[in-house]
Amino acid sequence: MLVLRDLQKQYTKFRLGYLWTLLEPLGMSLVLWFVFSVLLGARALGQQPYVLFLSLAILPWWWFTSGIAASTKVFRRAGGQLRVSLLPTQLWVARVILVSMIEFLFSLPVIILAMVATQYWPGPLIVLYPLGVLLQFLLMYGLALLVAAGSVVIPDLARIVRIVLRALFYLSPIIYSIANIPESVQPLAALNPLVGVFGLYRIGFWPDEHVDTVAFGLSISLSLVILVVGILVFRRLEPRILKEA
């Protein structure tokens, strides 16, 4: 009910409503495609067709940034409701991740449009796409628990998160291909869990779009480790959250 209320509030306060879920990531994909593929002619940055390649990462990136950024404010916005609510405290964090996830799912027609426009279709490995969605949800939930709890203890954390998110945009294979990462640094790149997640999104279209098997497994495993750490840290800080929120 809370997720539904949040979605209704977001779609009713803008005249274009649901269309913004499509227009924002679509606009970002087109701008990046124009800059890197037309103006700079850097076609070696990613797989072809480049606009589809970008869309497959921009949409989950949009979900990632909106969800994590919202988690920094979740307890400030809750205010006194948090103390009187009978809901488990963790559900307030899950709520913002679910809202951003549903918006991501609503934006998937952008990928269909890109496929139709480019006449480029996925192969059998597209069945791994839902696994990427599940893995990103678990990763984001773990990170959101850490960020939400930390924002209560450290007020400046929201600004730090914004800086980290900007850095992650360039450290993650969004505008460039995983295949562009030199083999010597692939294990280091795999320390970013988004490398494995984005690999699952793109592997159905380009089977070589992943780091080596060991690094790929490390990237995925880190997502699960972050989830466990997030749950443990949140439980430890929960009394302080309820006191100070």
# chains A, B, ... in the order shown; residues from 1 in each chain; ligands from 1

$ select_by_dssp --residues "stretch 91-220 of chain A" --states "helix (DSSP H, G or I)" --output "PyMOL selection string"
chain A and resi 91-106+109-118+124-153+157-171+178-180+183-189+193-202+213-220

$ residues_around --residues "A:Pro124" --least-positions-apart "4" --cutoff "12 Å" --atoms "only C-alpha atoms" --output "PyMOL selection string"
chain A and resi 128-129+202-207

$ write_last_selection --atoms "C-alpha atoms" --output "PDB file, in the first residue's frame"
ATOM      1  CA  LEU A 128      19.613 -14.322 -17.531  1.00  0.00           C
ATOM      2  CA  TYR A 129      18.092 -10.826 -17.632  1.00  0.00           C
ATOM      3  CA  ARG A 202      23.853  -7.442 -21.733  1.00  0.00           C
ATOM      4  CA  ILE A 203      25.008 -11.025 -22.101  1.00  0.00           C
ATOM      5  CA  GLY A 204      21.762 -11.978 -23.853  1.00  0.00           C
ATOM      6  CA  PHE A 205      22.648  -9.594 -26.687  1.00  0.00           C
ATOM      7  CA  TRP A 206      26.444  -9.933 -26.669  1.00  0.00           C
ATOM      8  CA  PRO A 207      27.662 -13.251 -25.182  1.00  0.00           C
TER       9      PRO A 207
END

$ residues_around --residues "A:Ile174" --least-positions-apart "6" --cutoff "10 Å" --atoms "only C-alpha atoms" --output "ChimeraX atom specification"
/A:45-46,53-58,60-61,168,194-195,198

$ closest_residue --among "A:Tyr201, A:Leu143, A:Leu138, A:Val31" --to "A:Leu59" --atoms "only C-alpha atoms"
A:Tyr201

$ residues_around --residues "stretch 223-227 of chain A" --least-positions-apart "4" --cutoff "8 Å" --atoms "only C-alpha atoms" --output "PyMOL selection string"
chain A and resi 135-136+138-143+193+219+231

$ decode --residues "stretch 176-196 of chain A" --atoms "N, CA and C atoms" --output "PDB file, in the first residue's frame"
ATOM      1  N   TYR A 176      30.894   2.192 -21.710  1.00  0.00           N
ATOM      2  CA  TYR A 176      31.897   1.357 -22.372  1.00  0.00           C
ATOM      3  C   TYR A 176      31.595  -0.111 -22.107  1.00  0.00           C
ATOM      4  N   SER A 177      32.205  -0.958 -22.906  1.00  0.00           N
ATOM      5  CA  SER A 177      31.948  -2.395 -22.820  1.00  0.00           C
ATOM      6  C   SER A 177      32.845  -3.055 -21.781  1.00  0.00           C
ATOM      7  N   ILE A 178      32.344  -4.112 -21.174  1.00  0.00           N
ATOM      8  CA  ILE A 178      33.177  -4.916 -20.278  1.00  0.00           C
ATOM      9  C   ILE A 178      34.366  -5.473 -21.040  1.00  0.00           C
ATOM     10  N   ALA A 179      34.159  -5.739 -22.331  1.00  0.00           N
ATOM     11  CA  ALA A 179      35.240  -6.270 -23.163  1.00  0.00           C
ATOM     12  C   ALA A 179      36.387  -5.274 -23.299  1.00  0.00           C
ATOM     13  N   ASN A 180      36.145  -3.984 -23.032  1.00  0.00           N
ATOM     14  CA  ASN A 180      37.189  -2.970 -23.107  1.00  0.00           C
ATOM     15  C   ASN A 180      38.095  -2.956 -21.882  1.00  0.00           C
ATOM     16  N   ILE A 181      37.680  -3.641 -20.822  1.00  0.00           N
ATOM     17  CA  ILE A 181      38.484  -3.681 -19.607  1.00  0.00           C
ATOM     18  C   ILE A 181      39.639  -4.649 -19.813  1.00  0.00           C
ATOM     19  N   PRO A 182      40.900  -4.214 -19.679  1.00  0.00           N
ATOM     20  CA  PRO A 182      42.043  -5.120 -19.859  1.00  0.00           C
ATOM     21  C   PRO A 182      41.968  -6.307 -18.902  1.00  0.00           C
ATOM     22  N   GLU A 183      42.399  -7.458 -19.380  1.00  0.00           N
ATOM     23  CA  GLU A 183      42.319  -8.670 -18.562  1.00  0.00           C
ATOM     24  C   GLU A 183      43.100  -8.523 -17.259  1.00  0.00           C
ATOM     25  N   SER A 184      44.178  -7.750 -17.294  1.00  0.00           N
ATOM     26  CA  SER A 184      45.027  -7.602 -16.100  1.00  0.00           C
ATOM     27  C   SER A 184      44.308  -6.893 -14.959  1.00  0.00           C
ATOM     28  N   VAL A 185      43.319  -6.064 -15.282  1.00  0.00           N
ATOM     29  CA  VAL A 185      42.608  -5.319 -14.227  1.00  0.00           C
ATOM     30  C   VAL A 185      41.166  -5.799 -14.058  1.00  0.00           C
ATOM     31  N   GLN A 186      40.786  -6.859 -14.757  1.00  0.00           N
ATOM     32  CA  GLN A 186      39.421  -7.366 -14.616  1.00  0.00           C
ATOM     33  C   GLN A 186      39.100  -7.806 -13.187  1.00  0.00           C
ATOM     34  N   PRO A 187      40.039  -8.483 -12.478  1.00  0.00           N
ATOM     35  CA  PRO A 187      39.730  -8.820 -11.074  1.00  0.00           C
ATOM     36  C   PRO A 187      39.480  -7.578 -10.220  1.00  0.00           C
ATOM     37  N   LEU A 188      40.224  -6.485 -10.496  1.00  0.00           N
ATOM     38  CA  LEU A 188      40.013  -5.237  -9.758  1.00  0.00           C
ATOM     39  C   LEU A 188      38.666  -4.623 -10.116  1.00  0.00           C
ATOM     40  N   ALA A 189      38.323  -4.648 -11.404  1.00  0.00           N
ATOM     41  CA  ALA A 189      37.037  -4.101 -11.852  1.00  0.00           C
ATOM     42  C   ALA A 189      35.878  -4.883 -11.249  1.00  0.00           C
ATOM     43  N   ALA A 190      36.076  -6.188 -11.041  1.00  0.00           N
ATOM     44  CA  ALA A 190      35.009  -7.040 -10.511  1.00  0.00           C
ATOM     45  C   ALA A 190      34.673  -6.719  -9.068  1.00  0.00           C
ATOM     46  N   LEU A 191      35.511  -5.916  -8.388  1.00  0.00           N
ATOM     47  CA  LEU A 191      35.189  -5.492  -7.031  1.00  0.00           C
ATOM     48  C   LEU A 191      34.006  -4.536  -7.020  1.00  0.00           C
ATOM     49  N   ASN A 192      33.650  -4.041  -8.186  1.00  0.00           N
ATOM     50  CA  ASN A 192      32.425  -3.256  -8.342  1.00  0.00           C
ATOM     51  C   ASN A 192      31.308  -4.232  -8.710  1.00  0.00           C
ATOM     52  N   PRO A 193      30.366  -4.511  -7.813  1.00  0.00           N
ATOM     53  CA  PRO A 193      29.315  -5.505  -8.096  1.00  0.00           C
ATOM     54  C   PRO A 193      28.487  -5.189  -9.329  1.00  0.00           C
ATOM     55  N   LEU A 194      28.416  -3.917  -9.726  1.00  0.00           N
ATOM     56  CA  LEU A 194      27.618  -3.548 -10.887  1.00  0.00           C
ATOM     57  C   LEU A 194      28.203  -4.118 -12.180  1.00  0.00           C
ATOM     58  N   VAL A 195      29.486  -4.460 -12.173  1.00  0.00           N
ATOM     59  CA  VAL A 195      30.091  -5.074 -13.352  1.00  0.00           C
ATOM     60  C   VAL A 195      29.406  -6.399 -13.657  1.00  0.00           C
ATOM     61  N   GLY A 196      29.205  -7.207 -12.631  1.00  0.00           N
ATOM     62  CA  GLY A 196      28.520  -8.489 -12.828  1.00  0.00           C
ATOM     63  C   GLY A 196      27.049  -8.314 -13.152  1.00  0.00           C
TER      64      GLY A 196
END
